[in-house]
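File shown here: target36.txt, holding compact mmCIF, C-alpha atoms.
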```
# COMPACT_ATOMS: atom_id res chain seq x y z
CA MET A 12 11.99 -200.50 -15.00
CA ALA A 13 8.57 -202.04 -15.50
CA ASN A 14 5.50 -199.98 -16.46
CA THR A 15 4.39 -198.09 -13.33
CA LEU A 16 1.06 -196.89 -14.73
CA LYS A 17 -2.18 -198.24 -13.26
CA PRO A 18 -5.54 -198.52 -15.04
CA ARG A 19 -8.50 -196.44 -13.80
CA PRO A 20 -10.78 -198.10 -11.17
CA LEU A 21 -12.92 -200.51 -13.20
CA GLU A 22 -15.67 -201.39 -10.72
CA PRO A 23 -17.73 -198.22 -11.29
CA VAL A 24 -17.39 -198.65 -15.05
CA LEU A 25 -18.42 -202.29 -14.98
CA ALA A 26 -21.32 -201.47 -12.69
CA GLU A 27 -22.62 -198.83 -15.16
CA LEU A 28 -22.21 -201.22 -18.10
CA ASN A 29 -24.12 -203.88 -16.23
CA ARG A 30 -26.88 -201.35 -15.37
CA ILE A 31 -27.44 -200.49 -19.04
CA GLY A 32 -27.75 -204.15 -19.89
CA LEU A 33 -24.45 -205.10 -21.60
CA SER A 34 -23.71 -208.78 -21.63
CA PHE A 35 -21.00 -210.35 -19.51
CA PHE A 36 -18.80 -210.85 -22.53
CA ALA A 37 -19.22 -207.18 -23.58
CA GLN A 38 -18.34 -206.02 -20.07
CA ARG A 39 -15.19 -208.14 -20.10
CA PHE A 40 -14.25 -206.62 -23.48
CA PHE A 41 -14.47 -203.10 -22.07
CA ARG A 42 -12.57 -204.18 -18.95
CA ASP A 43 -9.62 -205.50 -21.01
CA LEU A 44 -9.70 -202.55 -23.40
CA LEU A 45 -9.57 -199.94 -20.63
CA THR A 46 -6.85 -201.84 -18.77
CA ARG A 47 -4.58 -201.87 -21.83
CA VAL A 48 -5.31 -198.35 -23.01
CA ASP A 49 -4.84 -196.76 -19.58
CA MET A 50 -1.41 -198.40 -19.15
CA VAL A 51 -0.06 -197.48 -22.63
CA LEU A 52 -1.82 -194.50 -24.30
CA THR A 53 -2.40 -190.84 -23.42
CA ASN A 54 -5.55 -188.89 -24.21
CA LYS A 55 -3.72 -187.66 -27.33
CA GLY A 56 -3.21 -191.24 -28.52
CA GLU A 57 0.55 -191.12 -27.78
CA ILE A 58 2.44 -193.99 -26.22
CA GLN A 59 3.22 -193.36 -22.55
CA ALA A 60 6.94 -193.02 -21.71
CA GLN A 61 6.54 -195.58 -18.92
CA ALA A 62 5.18 -198.29 -21.26
CA ASN A 63 7.25 -201.40 -22.02
CA VAL A 64 7.87 -203.17 -25.29
CA THR A 65 6.91 -206.84 -25.01
CA GLY A 66 9.91 -208.89 -23.91
CA ARG A 67 11.86 -205.86 -22.65
CA ALA A 68 12.29 -204.93 -18.99
CA GLU A 69 13.02 -201.22 -19.51
CA GLN A 70 10.46 -198.49 -20.22
CA ILE A 71 10.11 -197.38 -23.84
CA SER A 72 11.59 -193.95 -22.99
CA THR A 73 14.84 -195.78 -22.22
CA THR A 74 14.60 -197.97 -25.31
CA LEU A 75 14.30 -194.91 -27.57
CA GLY A 76 16.35 -192.54 -25.43
CA ASN A 77 19.43 -192.62 -27.68
CA LEU A 78 17.59 -191.97 -30.96
CA ASP A 79 17.01 -188.51 -32.38
CA VAL A 80 13.83 -187.21 -34.03
CA ALA A 81 14.96 -188.79 -37.32
CA GLY A 82 15.34 -192.22 -35.71
CA LYS A 83 19.14 -192.10 -35.89
CA LEU A 84 21.61 -192.89 -33.14
CA ASN A 85 22.37 -189.55 -31.49
CA SER A 86 26.00 -190.34 -30.53
CA LEU A 87 28.65 -193.00 -31.15
CA GLN A 88 29.06 -193.04 -27.40
CA ASN A 89 25.79 -194.95 -27.28
CA VAL A 90 27.15 -197.98 -29.18
CA ASN A 91 27.81 -201.13 -27.20
CA ASN A 92 30.22 -202.87 -29.57
CA THR A 93 32.83 -200.41 -30.87
CA LEU A 94 34.83 -202.92 -32.89
CA THR A 95 35.83 -201.36 -36.21
CA ASP A 96 35.50 -204.84 -37.75
CA PHE A 97 31.84 -204.00 -38.20
CA LEU A 98 32.56 -200.82 -40.15
CA THR A 99 32.85 -200.48 -43.92
CA ASP A 100 35.98 -198.70 -45.12
CA GLY A 101 35.21 -195.30 -46.59
CA ALA A 102 36.67 -193.00 -49.25
CA GLY A 103 40.44 -192.95 -49.03
CA SER A 104 40.46 -196.28 -47.16
CA PRO A 105 41.16 -194.88 -43.68
CA LEU A 106 40.72 -198.27 -41.98
CA THR A 107 42.96 -200.15 -44.41
CA GLY A 108 45.51 -197.34 -44.34
CA GLY A 109 45.47 -197.25 -40.56
CA LYS A 110 46.16 -200.97 -40.36
CA ARG A 111 49.09 -200.63 -42.75
CA GLY A 112 50.46 -197.71 -40.77
CA PHE A 113 50.17 -199.66 -37.52
CA GLN A 114 52.15 -202.52 -39.02
CA ALA A 115 54.80 -200.43 -40.75
CA LEU A 116 55.45 -197.67 -38.21
CA ASP A 117 56.80 -197.79 -34.68
CA THR A 118 55.63 -195.79 -31.66
CA ASN A 119 57.80 -192.87 -32.78
CA ASN A 120 56.01 -192.76 -36.15
CA ARG A 121 59.11 -194.04 -37.94
CA LEU A 122 59.43 -197.11 -40.09
CA ALA A 123 59.46 -200.16 -37.82
CA ASN A 124 62.49 -201.55 -39.68
CA SER A 125 64.33 -201.17 -42.97
CA PHE A 126 62.33 -203.94 -44.61
CA ARG A 127 59.30 -201.63 -44.41
CA SER A 128 60.97 -199.34 -46.92
CA THR A 129 61.60 -199.86 -50.62
CA GLY A 130 64.79 -201.57 -51.73
CA VAL A 131 66.18 -198.55 -53.54
CA ASN A 132 66.12 -196.56 -50.30
CA VAL A 133 67.66 -199.13 -47.97
CA SER A 134 71.34 -199.41 -47.11
CA ALA A 135 72.99 -202.79 -47.21
CA THR A 136 76.54 -204.11 -47.21
CA PRO A 137 77.58 -207.08 -49.34
CA THR A 138 79.35 -209.63 -47.16
CA SER A 139 81.60 -210.68 -50.05
CA SER A 140 84.53 -208.56 -51.17
CA THR A 141 83.49 -208.99 -54.80
CA THR A 142 80.35 -210.33 -56.43
CA LEU A 143 81.00 -209.71 -60.13
CA SER A 144 83.57 -211.53 -62.26
CA ASN A 145 84.59 -212.04 -65.87
CA ASP A 146 87.20 -214.50 -67.13
CA GLY A 147 88.35 -212.42 -70.11
CA THR A 148 87.50 -215.27 -72.50
CA HIS A 149 83.72 -215.09 -72.53
CA THR A 150 81.79 -211.84 -72.47
CA VAL A 151 79.54 -213.23 -69.70
CA ILE A 152 79.63 -211.41 -66.38
CA THR A 153 79.02 -213.81 -63.48
CA ILE A 154 77.19 -212.57 -60.42
CA ASN A 155 78.18 -214.94 -57.63
CA ALA A 156 75.73 -216.11 -54.99
CA SER A 157 75.93 -213.44 -52.31
CA THR A 158 74.51 -212.11 -49.09
CA ASN A 159 73.50 -208.54 -48.32
CA GLN A 160 73.56 -207.46 -44.69
CA PHE A 161 70.58 -205.24 -43.85
CA ALA A 162 69.80 -203.81 -40.43
CA PRO A 163 66.94 -206.27 -39.74
CA GLY A 164 68.99 -209.24 -41.01
CA ALA A 165 70.92 -210.81 -43.87
CA VAL A 166 69.33 -211.79 -47.18
CA SER A 167 71.00 -214.25 -49.54
CA TYR A 168 70.66 -214.28 -53.30
CA ASN A 169 71.34 -217.01 -55.84
CA SER A 170 73.99 -216.61 -58.48
CA GLY A 171 73.20 -215.19 -61.90
CA SER A 172 74.90 -213.93 -64.98
CA PHE A 173 74.65 -211.26 -67.61
CA ASP A 174 75.96 -211.40 -71.17
CA PRO A 175 76.36 -207.94 -72.73
CA GLY A 176 77.53 -209.57 -75.95
CA ALA A 177 80.79 -207.65 -76.02
CA PHE A 178 83.70 -206.70 -73.77
CA GLY A 179 83.78 -203.23 -72.27
CA GLY A 180 81.82 -201.26 -69.73
CA PRO A 181 81.18 -200.09 -67.21
CA ASN A 182 78.34 -202.55 -66.79
CA TYR A 183 76.08 -201.48 -63.93
CA ILE A 184 74.46 -204.62 -62.49
CA PHE A 185 71.29 -204.51 -60.38
CA PHE A 186 68.17 -206.53 -59.61
CA THR A 187 64.71 -206.12 -58.10
CA ASP A 188 63.61 -207.63 -54.78
CA PRO A 189 60.75 -205.45 -53.46
CA THR A 190 59.92 -207.77 -50.55
CA PHE A 191 63.50 -208.64 -49.50
CA ALA A 192 62.69 -212.27 -50.17
CA GLY A 193 66.14 -213.29 -51.47
CA GLY A 194 66.70 -216.43 -53.52
CA ALA A 195 66.79 -216.51 -57.31
CA VAL A 196 66.59 -213.01 -58.83
CA THR A 197 66.93 -211.75 -62.39
CA TYR A 198 70.00 -209.58 -62.75
CA GLN A 199 69.79 -206.64 -65.15
CA GLN A 200 72.45 -204.45 -66.67
CA SER A 201 72.70 -200.93 -67.90
CA THR A 202 75.47 -198.77 -69.26
CA THR A 203 73.98 -195.77 -67.48
CA PRO A 204 74.25 -195.66 -63.68
CA GLN A 205 70.94 -193.85 -63.15
CA GLN A 206 69.06 -197.02 -64.18
CA GLU A 207 70.21 -198.57 -60.89
CA THR A 208 67.78 -196.31 -59.00
CA ALA A 209 65.00 -196.16 -61.60
CA SER A 210 62.68 -198.57 -59.77
CA GLU A 211 61.58 -198.70 -56.12
CA GLY A 212 62.56 -202.34 -55.62
CA ASN A 213 66.02 -202.05 -57.20
CA MET A 214 69.13 -203.21 -55.38
CA ILE A 215 72.61 -202.49 -56.65
CA ASN A 216 75.36 -205.07 -57.18
CA GLY A 217 77.99 -202.66 -58.40
CA SER A 218 79.75 -202.36 -61.72
CA ILE A 219 82.44 -204.08 -63.74
CA THR A 220 84.36 -203.27 -66.87
CA THR A 221 85.45 -206.34 -68.84
CA VAL A 222 88.57 -206.59 -70.98
CA ASN A 223 89.34 -209.27 -73.57
CA GLY A 224 92.10 -211.48 -72.21
CA GLN A 225 92.01 -210.19 -68.61
CA ASN A 226 90.28 -211.47 -65.48
CA LYS A 227 88.18 -208.75 -63.94
CA THR A 228 86.14 -208.49 -60.76
CA GLY A 229 83.69 -205.94 -59.40
CA GLY A 230 80.87 -205.29 -56.98
CA GLY A 231 80.89 -206.57 -53.42
CA ASN A 232 82.22 -204.45 -50.59
CA SER A 233 85.58 -203.76 -52.28
CA GLY A 234 84.73 -203.18 -55.92
CA GLY A 235 87.37 -205.60 -57.19
CA ASN A 236 89.72 -204.59 -59.99
CA GLY A 237 87.15 -203.80 -62.64
CA GLY A 238 84.46 -201.71 -61.07
CA ARG A 239 83.03 -200.42 -57.82
CA GLY A 240 81.37 -201.85 -54.77
CA GLY A 241 77.73 -202.61 -54.10
CA ARG A 242 75.32 -200.27 -52.34
CA GLY A 243 76.62 -198.57 -49.29
CA TYR A 244 80.21 -198.70 -50.35
CA VAL A 245 81.83 -195.87 -52.28
CA GLN A 246 85.01 -196.62 -54.11
CA MET B 28 82.51 -235.74 -59.53
CA SER B 29 78.79 -236.48 -60.03
CA THR B 30 77.07 -235.97 -63.37
CA HIS B 31 74.88 -232.88 -63.42
CA ASN B 32 72.00 -232.10 -65.75
CA THR B 33 71.17 -228.43 -66.33
CA GLU B 34 68.10 -227.17 -68.15
CA VAL B 35 66.25 -223.94 -68.86
CA VAL B 36 63.07 -223.98 -66.75
CA ALA B 37 61.79 -220.44 -67.34
CA TRP B 38 62.23 -217.61 -69.84
CA LYS B 39 61.18 -213.98 -69.78
CA ARG B 40 61.67 -210.71 -71.59
CA LEU B 41 62.67 -207.79 -69.43
CA SER B 42 61.29 -204.25 -69.73
CA ASN B 43 64.57 -202.94 -71.16
CA GLY B 44 64.56 -205.44 -74.04
CA GLN B 45 66.98 -207.91 -72.44
CA HIS B 46 66.03 -211.60 -72.22
CA ALA B 47 66.50 -213.84 -69.21
CA ALA B 48 66.55 -217.61 -68.84
CA CYS B 49 66.39 -219.52 -65.55
CA ILE B 50 68.82 -222.45 -65.52
CA ARG B 51 68.26 -225.21 -62.98
CA CYS B 52 70.53 -228.14 -62.18
CA CYS B 53 69.28 -231.65 -61.46
CA GLY B 54 65.75 -230.35 -60.83
CA ASP B 55 66.90 -228.62 -57.63
CA GLN B 56 65.08 -225.28 -57.27
CA GLY B 57 67.84 -224.12 -54.92
CA THR B 58 70.24 -224.03 -57.87
CA ASP B 59 68.09 -221.63 -59.93
CA HIS B 60 70.36 -219.23 -61.80
CA TRP B 61 68.94 -216.45 -63.98
CA HIS B 62 71.08 -215.66 -67.01
CA THR B 63 70.29 -212.33 -68.67
CA MET B 64 71.29 -211.58 -72.26
CA ASN B 65 71.53 -208.48 -74.39
CA VAL B 66 70.00 -208.57 -77.84
CA MET B 67 72.10 -205.59 -78.94
CA THR B 68 75.64 -204.79 -77.82
CA PRO B 69 76.32 -201.45 -76.09
CA GLU B 70 77.62 -200.23 -79.46
CA GLY B 71 74.21 -200.90 -81.00
CA LYS B 72 75.14 -203.99 -83.03
CA PRO B 73 73.20 -207.27 -82.86
CA VAL B 74 74.84 -209.83 -80.58
CA ASP B 75 76.57 -212.59 -82.55
CA PRO B 76 74.38 -215.72 -82.08
CA ALA B 77 77.48 -217.92 -81.97
CA VAL B 78 78.96 -215.82 -79.15
CA ARG B 79 75.62 -215.84 -77.37
CA ASP B 80 75.29 -219.63 -77.57
CA GLN B 81 78.92 -220.18 -76.55
CA ASN B 82 78.39 -218.00 -73.51
CA LEU B 83 75.12 -219.76 -72.67
CA ALA B 84 76.94 -223.10 -72.72
CA ALA B 85 79.56 -221.66 -70.38
CA VAL B 86 76.81 -220.59 -67.99
CA HIS B 87 75.28 -224.08 -68.06
CA LYS B 88 78.68 -225.48 -67.07
CA PHE B 89 79.00 -222.88 -64.31
CA VAL B 90 75.64 -223.88 -62.84
CA GLY B 91 76.59 -227.56 -62.93
CA ASP B 92 79.97 -226.89 -61.33
CA GLN B 93 78.33 -224.75 -58.66
CA HIS B 94 75.87 -227.53 -57.85
CA GLU B 95 78.77 -229.95 -57.50
CA GLN B 96 80.47 -227.58 -55.06
CA MET B 97 77.22 -227.33 -53.08
CA ARG B 98 76.96 -231.13 -53.00
CA GLN B 99 80.54 -231.59 -51.79
CA HIS B 100 80.12 -228.88 -49.15
CA THR B 101 76.94 -230.51 -47.87
CA GLN B 102 78.62 -233.91 -47.77
CA ALA B 103 81.56 -232.47 -45.83
CA ILE B 104 79.17 -231.04 -43.24
CA LEU B 105 77.38 -234.39 -42.91
CA ASP B 106 80.69 -236.22 -42.56
CA LEU B 107 81.75 -233.82 -39.81
CA ALA B 108 78.44 -234.32 -38.01
CA GLY B 109 78.97 -238.07 -38.20
CA LYS B 110 82.40 -237.77 -36.55
CA LEU B 111 81.02 -235.70 -33.71
CA ASN B 112 78.35 -238.30 -32.89
CA PRO B 113 80.03 -241.75 -32.74
CA VAL B 114 77.84 -244.74 -33.61
CA GLU B 115 79.03 -246.94 -30.64
CA PRO B 116 78.02 -245.75 -27.13
CA GLN B 117 80.81 -244.77 -24.74
CA GLY B 118 82.17 -247.37 -22.28
CA GLN B 119 81.60 -250.56 -24.26
CA PRO B 120 84.50 -253.08 -24.47
```

Output the file's structure as structure tokens, nothing else.
Amino acid sequence: MANTLKPRPLEPVLAELNRIGLSFFAQRFFRDLLTRVDMVLTNKGEIQAQANVTGRAEQISTTLGNLDVAGKLNSLQNVNNTLTDFLTDGAGSPLTGGKRGFQALDTNNRLANSFRSTGVNVSATPTSSTTLSNDGTHTVITINASTNQFAPGAVSYNSGSFDPGAFGGPNYIFFTDPTFAGGAVTYQQSTTPQQETASEGNMINGSITTVNGQNKTGGGNSGGNGGRGGRGYVQ
Amino acid sequence: MSTHNTEVVAWKRLSNGQHAACIRCCGDQGTDHWHTMNVMTPEGKPVDPAVRDQNLAAVHKFVGDQHEQMRQHTQAILDLAGKLNPVEPQGQP
């Protein structure tokens, strides 16, 4: 709303100024001064609530209506653009954390799918009956190229091998794939089964015990004749 | 059978002291095969270098043989696709 204030009647004032002999230019000065002051200031020198800021159509009481005595916005309800893109993330990263939660969780506050978990906590079934083999001549354990069936989909892994340097076992074979990317992975071995679950991204191939002069198999969904199956299968 | 060339393209030491080498055949990244080796046997004795090298050679051969199988399988698929889509259009004398 435009300024509704009116200046005092100027004719009597100008007539008095003319009577006392002020020049035309001086009279015009007082005319302009009184016009501006009467429309903007109070007798206390305060800005009238009905005054406008130049270039704005609303009265200044509206312009400043949502600021408190300290000049701060009095409520977040009085913000036009509520996009959080304009906010800086605070202590504890609530914005970043919220985005991650939105992506990883479903509407029931559960993980959206298994791939949002860590490998060591996800069930999978090898599609091959065995994945580990040893020819009884070399000490090398071959891990065949294989596919693990997860709930969201199947992931395939390249072949690999592990050389313990001697026959025997059991050799617990596992690898790390924290993002379920598949492809070429580095297979590791341990003689202690608890190493299979010692890292969040670990996935288990199974185990195999090798014997000099005998073909042995292991891993997979059957465990073969020299070990046990991969994750999700108990022999 | 085609001739295959295998080579070690990467090498790393694992956190548990084991060493791993990535063997690739014919420069094809899809054939990448990581071979992991113990430095010490489970009994705590150093691995015999001759046994280690013999086994590494066997792995190189395995990777080459596997690539050959992949090549033959791919060729079989292409041949089958060719039979399903005859070159000459139907109806010509």

Of the listed residues A:Val133, A:Ala26, A:Ala177, A:Met50, that which approaches B:Lys72 most closely, counting only C-alpha atoms: A:Ala177

Return as CSV the residues of chain A lying at most 7 Å from chain B, together with the closest atom-to-atom pair for each and the distance in Å to one decimal, counting all atoms listed in the file, with rows in chain order and ascending residue number.
```
residue,atom,partner,partner_atom,distance
A:His149,CA,B:Asn82,CA,6.2
A:Val151,CA,B:Asn82,CA,6.2
A:Asn169,CA,B:His60,CA,6.4
A:Ser170,CA,B:His60,CA,5.6
A:Gly171,CA,B:Trp61,CA,4.9
A:Ser172,CA,B:His62,CA,4.7
A:Phe173,CA,B:Thr63,CA,4.6
A:Asp174,CA,B:Met64,CA,4.8
A:Pro175,CA,B:Asn65,CA,5.1
A:Gly176,CA,B:Val74,CA,5.4
A:Ala177,CA,B:Thr68,CA,6.2
A:Ala195,CA,B:Asp59,CA,5.9
A:Val196,CA,B:Trp61,CA,6.6
A:Thr197,CA,B:Trp61,CA,5.4
A:Tyr198,CA,B:Thr63,CA,6.5
A:Gln199,CA,B:Thr63,CA,6.7
```

Who sits within 12 Å of stretch 204-207 of chain A, only C-alpha atoms, same chain under 2 positions skipped, as a PyMOL selection string: (chain A and resi 130-132+180-187+198-202+209-219+239+241-242) or (chain B and resi 42-43)

Excluding A:Phe178 and its own-chain neighbours fewer than 6 positions away, which residues fall within 9 Å of it when counting all atoms listed in the file? Please give them as a short mmCIF file (atom, residue, chain, number, x, y, z; two decimals) with C-alpha atoms, in the coordinates of the input.
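New file part13.cif:
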```
data_model
loop_
_atom_site.label_atom_id
_atom_site.label_comp_id
_atom_site.auth_asym_id
_atom_site.auth_seq_id
_atom_site.Cartn_x
_atom_site.Cartn_y
_atom_site.Cartn_z
CA GLY A 147 88.35 -212.42 -70.11
CA HIS A 149 83.72 -215.09 -72.53
CA THR A 150 81.79 -211.84 -72.47
CA VAL A 151 79.54 -213.23 -69.70
CA THR A 220 84.36 -203.27 -66.87
CA THR A 221 85.45 -206.34 -68.84
CA VAL A 222 88.57 -206.59 -70.98
CA ASN A 223 89.34 -209.27 -73.57
#
```

Within 7 Å of A:Asn232 using only C-alpha atoms, minus same-chain residues under 4 positions, as a list of chain:residue names: A:Thr136, A:Pro137, A:Thr138, A:Ser139, A:Ser140, A:Thr141, A:Gly240, A:Gly241, A:Tyr244

Shell of 12 Å around stretch 96-113 of chain B, only C-alpha atoms, local chain residues under 4 positions omitted, as JSON, numbers by chain: {"A": [156], "B": [28, 29, 30, 31, 52, 53, 55, 57, 58, 89, 90, 91, 92, 117]}

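Between atom CA of A:Ala13 and atom CA of A:Thr46 there is a distance of 15.8 Å.
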
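Going from atom CA of A:Gly82 over to atom CA of A:Pro105, you cover 27.2 Å.
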
Distance of atom CA of A:Ser72 from atom CA of A:Glu57, expressed in Å to one decimal place: 12.4 Å

Please produce stretch 214-224 of chain A, completed to all heavy atoms, as an mmCIF file, in the frame of the given file.
```cif
data_model
loop_
_atom_site.group_PDB
_atom_site.id
_atom_site.type_symbol
_atom_site.label_atom_id
_atom_site.label_comp_id
_atom_site.auth_asym_id
_atom_site.auth_seq_id
_atom_site.Cartn_x
_atom_site.Cartn_y
_atom_site.Cartn_z
ATOM 1 N N MET A 214 67.982 -203.103 -56.268
ATOM 2 C CA MET A 214 69.130 -203.210 -55.380
ATOM 3 C C MET A 214 70.374 -203.296 -56.265
ATOM 4 O O MET A 214 70.356 -203.917 -57.322
ATOM 5 C CB MET A 214 69.015 -204.442 -54.489
ATOM 6 C CG MET A 214 67.833 -204.351 -53.553
ATOM 7 S SD MET A 214 67.892 -205.548 -52.261
ATOM 8 C CE MET A 214 66.278 -205.263 -51.545
ATOM 9 N N ILE A 215 71.436 -202.692 -55.801
ATOM 10 C CA ILE A 215 72.610 -202.490 -56.650
ATOM 11 C C ILE A 215 73.678 -203.516 -56.323
ATOM 12 O O ILE A 215 73.987 -203.770 -55.153
ATOM 13 C CB ILE A 215 73.159 -201.060 -56.450
ATOM 14 C CG1 ILE A 215 72.082 -200.042 -56.854
ATOM 15 C CG2 ILE A 215 74.424 -200.843 -57.248
ATOM 16 C CD1 ILE A 215 72.430 -198.624 -56.487
ATOM 17 N N ASN A 216 74.248 -204.131 -57.357
ATOM 18 C CA ASN A 216 75.360 -205.070 -57.180
ATOM 19 C C ASN A 216 76.711 -204.406 -57.361
ATOM 20 O O ASN A 216 77.725 -204.908 -56.884
ATOM 21 C CB ASN A 216 75.254 -206.220 -58.173
ATOM 22 C CG ASN A 216 74.231 -207.246 -57.757
ATOM 23 O OD1 ASN A 216 73.134 -207.254 -58.276
ATOM 24 N ND2 ASN A 216 74.584 -208.086 -56.810
ATOM 25 N N GLY A 217 76.722 -203.299 -58.095
ATOM 26 C CA GLY A 217 77.990 -202.660 -58.400
ATOM 27 C C GLY A 217 78.215 -202.642 -59.891
ATOM 28 O O GLY A 217 77.282 -202.798 -60.683
ATOM 29 N N SER A 218 79.450 -202.435 -60.291
ATOM 30 C CA SER A 218 79.750 -202.360 -61.720
ATOM 31 C C SER A 218 81.036 -203.109 -62.016
ATOM 32 O O SER A 218 81.828 -203.411 -61.120
ATOM 33 C CB SER A 218 79.888 -200.892 -62.165
ATOM 34 O OG SER A 218 81.066 -200.331 -61.616
ATOM 35 N N ILE A 219 81.224 -203.408 -63.300
ATOM 36 C CA ILE A 219 82.440 -204.080 -63.740
ATOM 37 C C ILE A 219 82.702 -203.709 -65.188
ATOM 38 O O ILE A 219 81.761 -203.575 -65.987
ATOM 39 C CB ILE A 219 82.310 -205.618 -63.589
ATOM 40 C CG1 ILE A 219 83.609 -206.322 -63.956
ATOM 41 C CG2 ILE A 219 81.153 -206.150 -64.428
ATOM 42 C CD1 ILE A 219 83.603 -207.810 -63.643
ATOM 43 N N THR A 220 83.941 -203.516 -65.492
ATOM 44 C CA THR A 220 84.360 -203.270 -66.870
ATOM 45 C C THR A 220 85.190 -204.457 -67.320
ATOM 46 O O THR A 220 86.205 -204.789 -66.676
ATOM 47 C CB THR A 220 85.180 -201.973 -66.980
ATOM 48 O OG1 THR A 220 84.365 -200.872 -66.561
ATOM 49 C CG2 THR A 220 85.641 -201.740 -68.414
ATOM 50 N N THR A 221 84.767 -205.124 -68.377
ATOM 51 C CA THR A 221 85.450 -206.340 -68.840
ATOM 52 C C THR A 221 86.435 -206.025 -69.951
ATOM 53 O O THR A 221 86.219 -205.108 -70.763
ATOM 54 C CB THR A 221 84.423 -207.377 -69.322
ATOM 55 O OG1 THR A 221 83.670 -206.805 -70.401
ATOM 56 C CG2 THR A 221 83.473 -207.759 -68.196
ATOM 57 N N VAL A 222 87.520 -206.784 -69.976
ATOM 58 C CA VAL A 222 88.570 -206.590 -70.980
ATOM 59 C C VAL A 222 88.933 -207.945 -71.575
ATOM 60 O O VAL A 222 89.163 -208.915 -70.826
ATOM 61 C CB VAL A 222 89.812 -205.936 -70.344
ATOM 62 C CG1 VAL A 222 90.924 -205.780 -71.394
ATOM 63 C CG2 VAL A 222 89.459 -204.597 -69.722
ATOM 64 N N ASN A 223 88.978 -208.030 -72.884
ATOM 65 C CA ASN A 223 89.340 -209.270 -73.570
ATOM 66 C C ASN A 223 90.731 -209.713 -73.138
ATOM 67 O O ASN A 223 91.699 -208.953 -73.249
ATOM 68 C CB ASN A 223 89.278 -209.057 -75.084
ATOM 69 C CG ASN A 223 89.351 -210.378 -75.842
ATOM 70 O OD1 ASN A 223 89.524 -211.442 -75.254
ATOM 71 N ND2 ASN A 223 89.233 -210.309 -77.151
ATOM 72 N N GLY A 224 90.811 -210.926 -72.606
ATOM 73 C CA GLY A 224 92.100 -211.480 -72.210
ATOM 74 C C GLY A 224 92.496 -211.208 -70.771
ATOM 75 O O GLY A 224 93.575 -211.640 -70.342
#
```
